[in-house]
Amino acid sequence: MAETPVIIREHQFQKIKSALARLCVEAAARVVFLVDRDGQPIAFHGEIGEMDTTSFASLAAGNVAATNSMAKLIGEDQFPSVVHEGERESIFISVIGRSLLVVVFDERSTLGLVKLRTKKATFVVAEILEGVARDSADLTLSESSFFAEITDEDIDSLFG
Amino acid sequence: MTFINYASREINCKIVYYGPGLCGKTTNLQYIYDSTAPQAKGKLISLATETDRTLFFDFMPLELGTVRGFKTRFHLYTVPGQVYYDASRKLILKGVDGVVFVADSQEERMDANIESLYNLEENLEAQGFDLMKIPYVLQLNKRDLPNVIPIDELSAELKKKGEPVYEAVATNGEGVFDTLKAVAKQVLTELRKG
C-alpha cells in the first residue's frame, strides 16, 4: 500500500497562499513556491509568466533530493537550504519537513534579505503543514466516504 | 504519495517506470507525450547524458480528466536503468504511488531484468514500500524483436504477484497506454480503499 494521501483543505490552502504572498512581498521576490519533497507543487504566489510550474516543482524536489544524498556522503544529515545564483535570476530553497519553500528572486532583492524573510516564513508554513499532516492522517468520515464512492465506471471514464 | 487539494480540486499521483538500461522506459514516456493532446500534458523533461541515456530522470505531468469533480493528474517518472545510477533510482521512488516494471524481452537481457527487479524490491523497501502491496504492472517490451523469450516463460520468471502483464512495442506504442491505464486504475482504486 502506498503512503497515506496528503489532503489539503480549502482553509489550509488559503493560509498557505497568504503566507507565500507575504513572503513574496517581504523578500521582494519574483515568485514563491511551496513544493512537496516528492515533487508535487502545492501552491505559489508571484509572477510566473510562461514558467512551467509543474516541471519546476519536480526539478526542485529532484535537486534537493540529490543534494541531500550528497550531504549524507560527506557526513552531513542534510542541507537545510540550497542556493542557485544566476546572472539575473536566483533561487533559494529552504527545506521544511517534507516540503520545500522555493523563492525565485532577481536584482530587486538580495540573498541576505531572502534568507532572512524565508526563515521567518518557514515557521508559519511549518505550522500550517503540521495541521495538514495531522488532518490527513485523521481522514474524516465524509472524506473517506467521498473516495469510497468512486466507482469503477468513474475510473474507466478517465480512459475514454 | 497521493496529493489531494480540496481548494484547487486536484488529485496528484506519482507513477515510476522502472527497469534495466535500454529497456524502453523513456520510449514509453515519449510515446505517451507524443500521443497526448497538448492541453492534457506538460513538458517532457529529460535529464539525460549527451548520448540520450537517462542521467537522473524523465518527467511528464499528464492530466487524465475528472473524477467526481477532481482533476486527476499523474506525474510520470522514469529512472536511469544503468546499474551505477542506483542512488538516483532510490531518490525517484520517494513518494511513489504506482510502479511499472518495463522488462526487455530479449533473451540476452534476462539477467538484467532479474537484477533490476531485485533492485526495485530493495529500493522500494528502502523507501518504506512493499512491492507486494503497491500498485504495480509488468510490461514485457520489445516484443517485435526476433530473439525474444516466449511470454509464458518471461512472465513466469518476472511476475511477482497477480499483477497485470502487458506485451509491448514501445517504439510504435503497442501496449503503452494499456500499461499506463492499468497502473493508473490501480492507484485510483487504492485511493478509494483509503
# chains A, B, ... in the order shown; residues from 1 in each chain; ligands from 1
call {"tool": "closest_atom_pairs", "arguments": {"of": "stretch 53-157 of chain B", "to": "stretch 171-176 of chain B", "cutoff": "12 Å", "atoms": "only C-alpha atoms", "output": "Markdown table"}}
result
| residue | atom | partner | partner_atom | distance |
| --- | --- | --- | --- | --- |
| B:Val100 | CA | B:Val176 | CA | 10.6 |
| B:Val102 | CA | B:Val176 | CA | 10.3 |
| B:Val137 | CA | B:Val176 | CA | 11.5 |
| B:Leu138 | CA | B:Gly175 | CA | 11.0 |
| B:Gln139 | CA | B:Gly175 | CA | 8.0 |
| B:Leu140 | CA | B:Gly175 | CA | 9.0 |
| B:Asn141 | CA | B:Gly175 | CA | 8.4 |
| B:Lys142 | CA | B:Thr171 | CA | 8.2 |
| B:Arg143 | CA | B:Glu174 | CA | 9.4 |
| B:Asp144 | CA | B:Thr171 | CA | 9.7 |
| B:Leu145 | CA | B:Thr171 | CA | 11.4 |
call {"tool": "write_last_selection", "arguments": {"atoms": "C-alpha atoms", "output": "CSV table (one decimal), in the first residue's frame"}}
result
chain,number,residue,atom,x,y,z
B,100,VAL,CA,5.5,0.0,-14.0
B,102,VAL,CA,9.5,-2.4,-18.1
B,137,VAL,CA,2.2,-3.5,-13.6
B,138,LEU,CA,4.6,-5.6,-15.6
B,139,GLN,CA,5.3,-4.7,-19.2
B,140,LEU,CA,7.1,-7.1,-21.5
B,141,ASN,CA,8.6,-4.7,-24.0
B,142,LYS,CA,10.4,-5.2,-27.4
B,143,ARG,CA,8.1,-8.0,-28.5
B,144,ASP,CA,8.8,-7.2,-32.1
B,145,LEU,CA,12.5,-8.3,-31.9
call {"tool": "select_by_dssp", "arguments": {"residues": "chain B", "states": "alpha helix (DSSP H)", "output": "ChimeraX atom specification"}}
result
/B:25-35,86-92,110-126,151-158,176-193
call {"tool": "write_last_selection", "arguments": {"atoms": "C-alpha atoms", "output": "short mmCIF file (atom, residue, chain, number, x, y, z; two decimals), in the first residue's frame"}}
result
data_model
loop_
_atom_site.label_atom_id
_atom_site.label_comp_id
_atom_site.auth_asym_id
_atom_site.auth_seq_id
_atom_site.Cartn_x
_atom_site.Cartn_y
_atom_site.Cartn_z
CA LYS B 25 11.24 3.35 -20.16
CA THR B 26 11.93 6.70 -21.80
CA THR B 27 10.38 5.41 -25.04
CA ASN B 28 7.16 4.68 -23.13
CA LEU B 29 7.05 8.24 -21.84
CA GLN B 30 8.00 9.67 -25.22
CA TYR B 31 5.14 7.79 -26.88
CA ILE B 32 2.64 8.96 -24.25
CA TYR B 33 3.92 12.51 -24.70
CA ASP B 34 3.69 12.40 -28.49
CA SER B 35 0.19 10.91 -28.47
CA ASP B 86 21.36 3.34 -8.08
CA ALA B 87 21.45 6.37 -5.79
CA SER B 88 19.31 8.31 -8.30
CA ARG B 89 16.86 5.44 -8.66
CA LYS B 90 16.33 5.32 -4.92
CA LEU B 91 15.51 9.04 -4.82
CA ILE B 92 12.96 8.85 -7.61
CA MET B 110 17.01 -11.75 -18.94
CA ASP B 111 19.68 -11.45 -16.27
CA ALA B 112 19.45 -7.65 -16.44
CA ASN B 113 15.66 -7.87 -15.93
CA ILE B 114 16.04 -10.09 -12.89
CA GLU B 115 18.74 -7.89 -11.41
CA SER B 116 16.68 -4.75 -11.96
CA LEU B 117 13.56 -6.30 -10.45
CA TYR B 118 15.52 -7.33 -7.39
CA ASN B 119 16.92 -3.80 -7.22
CA LEU B 120 13.38 -2.39 -7.42
CA GLU B 121 12.25 -4.50 -4.47
CA GLU B 122 15.26 -3.43 -2.45
CA ASN B 123 14.91 0.26 -3.26
CA LEU B 124 11.19 0.26 -2.58
CA GLU B 125 11.89 -1.31 0.76
CA ALA B 126 14.45 1.42 1.49
CA ILE B 151 5.59 -14.71 -22.98
CA ASP B 152 4.78 -17.60 -20.62
CA GLU B 153 8.40 -18.18 -19.77
CA LEU B 154 9.12 -14.48 -19.25
CA SER B 155 6.01 -13.96 -17.12
CA ALA B 156 6.79 -16.99 -15.00
CA GLU B 157 10.25 -15.62 -14.34
CA LEU B 158 9.34 -11.99 -13.65
CA VAL B 176 1.96 1.61 -23.86
CA PHE B 177 -1.43 3.07 -22.97
CA ASP B 178 -2.77 -0.28 -21.75
CA THR B 179 0.10 -0.37 -19.27
CA LEU B 180 -0.48 3.22 -18.14
CA LYS B 181 -4.22 2.68 -17.74
CA ALA B 182 -3.67 -0.47 -15.69
CA VAL B 183 -1.35 1.22 -13.22
CA ALA B 184 -3.43 4.43 -13.02
CA LYS B 185 -6.52 2.38 -12.33
CA GLN B 186 -4.81 0.53 -9.51
CA VAL B 187 -3.62 3.81 -7.97
CA LEU B 188 -7.13 5.28 -8.00
CA THR B 189 -8.60 2.04 -6.67
CA GLU B 190 -6.09 2.19 -3.83
CA LEU B 191 -7.25 5.73 -3.06
CA ARG B 192 -10.82 4.51 -2.92
CA LYS B 193 -9.87 1.88 -0.35
#
call {"tool": "residues_around", "arguments": {"residues": "B:Lys161", "least_positions_apart": "6", "cutoff": "10 Å", "atoms": "only C-alpha atoms", "output": "list in words"}}
result
Leu131, Met132, Lys133, Tyr136 and Val137 of chain B
call {"tool": "interface_residues", "arguments": {"of": "chain B", "to": "chain A", "cutoff": "7 Å", "atoms": "only C-alpha atoms", "output": "JSON list (two decimals) with C-alpha atoms, in the first residue's frame"}}
result
[["chain", "number", "residue", "atom", "x", "y", "z"],
["B", 1, "MET", "CA", 2.21, 9.91, -2.10],
["B", 2, "THR", "CA", -1.14, 10.98, -3.48],
["B", 3, "PHE", "CA", -1.74, 14.69, -3.05],
["B", 4, "ILE", "CA", -5.33, 15.84, -2.78],
["B", 5, "ASN", "CA", -6.05, 19.56, -2.90],
["B", 6, "TYR", "CA", -9.61, 20.43, -2.00],
["B", 7, "ALA", "CA", -9.12, 24.09, -2.86],
["B", 64, "LEU", "CA", -6.37, 12.31, -17.38],
["B", 65, "GLY", "CA", -9.68, 14.00, -16.70],
["B", 66, "THR", "CA", -12.06, 14.47, -13.79],
["B", 67, "VAL", "CA", -13.25, 12.01, -11.16],
["B", 91, "LEU", "CA", 15.51, 9.04, -4.82],
["B", 94, "LYS", "CA", 10.27, 8.59, -2.94],
["B", 95, "GLY", "CA", 6.54, 9.08, -2.55],
["B", 97, "ASP", "CA", 2.03, 5.71, -5.83],
["B", 129, "PHE", "CA", 7.23, 0.36, 0.44],
["B", 133, "LYS", "CA", 1.31, -4.17, -1.73],
["B", 134, "ILE", "CA", 1.96, -1.25, -4.07],
["B", 185, "LYS", "CA", -6.52, 2.38, -12.33],
["B", 191, "LEU", "CA", -7.25, 5.73, -3.06],
["B", 192, "ARG", "CA", -10.82, 4.51, -2.92],
["B", 193, "LYS", "CA", -9.87, 1.88, -0.35],
["B", 194, "GLY", "CA", -8.46, 4.67, 1.84]]
call {"tool": "residues_around", "arguments": {"residues": "stretch 97-105 of chain A", "least_positions_apart": "2", "cutoff": "9 Å", "atoms": "only C-alpha atoms", "output": "compact mmCIF listing (two decimals) with N, CA and C atoms, in the first residue's frame"}}
result
# COMPACT_ATOMS: atom_id res chain seq x y z
N LEU A 20 2.62 32.63 1.56
CA LEU A 20 3.51 32.78 0.40
C LEU A 20 3.45 34.21 -0.14
N LEU A 23 5.49 36.43 2.13
CA LEU A 23 6.93 36.22 1.93
C LEU A 23 7.37 36.86 0.61
N CYS A 24 6.56 36.73 -0.39
CA CYS A 24 6.90 37.27 -1.71
C CYS A 24 7.12 38.78 -1.62
N ALA A 27 10.23 39.60 0.91
CA ALA A 27 11.55 39.24 0.39
C ALA A 27 11.82 39.91 -0.95
N ALA A 28 10.86 40.69 -1.42
CA ALA A 28 10.94 41.33 -2.74
C ALA A 28 11.26 40.27 -3.81
N ALA A 29 10.56 39.13 -3.70
CA ALA A 29 10.84 38.02 -4.60
C ALA A 29 10.00 38.13 -5.87
N ARG A 30 10.41 37.37 -6.89
CA ARG A 30 9.63 37.35 -8.12
C ARG A 30 8.47 36.37 -7.95
N VAL A 31 8.78 35.19 -7.41
CA VAL A 31 7.74 34.19 -7.16
C VAL A 31 8.18 33.27 -6.03
N VAL A 32 7.20 32.80 -5.27
CA VAL A 32 7.49 31.89 -4.16
C VAL A 32 6.63 30.63 -4.35
N PHE A 33 7.25 29.47 -4.20
CA PHE A 33 6.53 28.20 -4.36
C PHE A 33 6.59 27.39 -3.07
N LEU A 34 5.55 26.62 -2.84
CA LEU A 34 5.64 25.57 -1.83
C LEU A 34 5.48 24.26 -2.59
N VAL A 35 6.47 23.39 -2.41
CA VAL A 35 6.54 22.15 -3.19
C VAL A 35 6.72 20.98 -2.22
N ASP A 36 6.05 19.89 -2.49
CA ASP A 36 6.26 18.70 -1.68
C ASP A 36 7.62 18.08 -2.05
N ARG A 37 8.26 17.43 -1.10
CA ARG A 37 9.60 16.86 -1.36
C ARG A 37 9.58 15.79 -2.44
N ASP A 38 8.39 15.22 -2.70
CA ASP A 38 8.29 14.21 -3.75
C ASP A 38 8.06 14.85 -5.12
N ALA A 57 8.53 22.36 -10.05
CA ALA A 57 8.38 21.70 -8.75
C ALA A 57 9.11 20.36 -8.73
N ALA A 60 12.86 20.95 -8.67
CA ALA A 60 13.31 21.47 -7.36
C ALA A 60 13.42 20.31 -6.37
N ALA A 61 12.42 19.43 -6.39
CA ALA A 61 12.44 18.28 -5.48
C ALA A 61 13.60 17.35 -5.81
N VAL A 64 16.84 18.93 -4.54
CA VAL A 64 17.03 18.82 -3.09
C VAL A 64 17.34 17.36 -2.71
N ARG A 88 20.98 36.99 -13.49
CA ARG A 88 19.85 37.88 -13.14
C ARG A 88 18.89 37.24 -12.15
N GLU A 89 18.55 35.98 -12.38
CA GLU A 89 17.57 35.29 -11.53
C GLU A 89 18.31 34.31 -10.60
N SER A 90 17.82 34.22 -9.37
CA SER A 90 18.41 33.26 -8.44
C SER A 90 17.31 32.48 -7.73
N ILE A 91 17.70 31.37 -7.14
CA ILE A 91 16.73 30.52 -6.44
C ILE A 91 17.27 30.20 -5.05
N PHE A 92 16.39 30.34 -4.07
CA PHE A 92 16.74 29.93 -2.71
C PHE A 92 15.71 28.89 -2.27
N ILE A 93 16.17 27.73 -1.84
CA ILE A 93 15.26 26.67 -1.41
C ILE A 93 15.50 26.36 0.06
N SER A 94 14.42 26.38 0.82
CA SER A 94 14.52 26.06 2.23
C SER A 94 13.68 24.81 2.51
N VAL A 95 14.27 23.84 3.19
CA VAL A 95 13.56 22.59 3.47
C VAL A 95 12.75 22.73 4.75
N GLU A 107 17.36 40.93 -9.35
CA GLU A 107 18.19 42.00 -8.80
C GLU A 107 17.41 42.99 -7.92
N ARG A 108 16.09 42.84 -7.87
CA ARG A 108 15.30 43.70 -6.98
C ARG A 108 15.47 43.29 -5.52
N SER A 109 16.07 42.10 -5.29
CA SER A 109 16.26 41.65 -3.91
C SER A 109 17.71 41.18 -3.72
N THR A 110 17.98 40.69 -2.51
CA THR A 110 19.33 40.17 -2.26
C THR A 110 19.21 38.83 -1.55
N LEU A 111 20.25 38.02 -1.63
CA LEU A 111 20.22 36.72 -0.99
C LEU A 111 20.03 36.86 0.52
N VAL A 114 16.40 37.60 1.30
CA VAL A 114 15.59 36.41 1.02
C VAL A 114 15.76 35.38 2.13
N THR A 118 12.74 34.36 4.54
CA THR A 118 12.29 32.97 4.36
C THR A 118 12.34 32.24 5.70
N ALA A 121 9.29 32.99 7.51
CA ALA A 121 8.11 32.37 6.90
C ALA A 121 8.07 30.86 7.13
N THR A 122 9.25 30.22 7.27
CA THR A 122 9.24 28.76 7.42
C THR A 122 8.49 28.34 8.69
N VAL A 125 4.75 28.52 7.80
CA VAL A 125 4.38 27.45 6.86
C VAL A 125 4.46 26.08 7.56
N ALA A 126 5.50 25.91 8.38
CA ALA A 126 5.66 24.62 9.08
C ALA A 126 4.44 24.34 9.96
N LEU A 129 1.58 23.26 7.78
CA LEU A 129 1.81 21.91 7.25
C LEU A 129 1.64 20.83 8.32
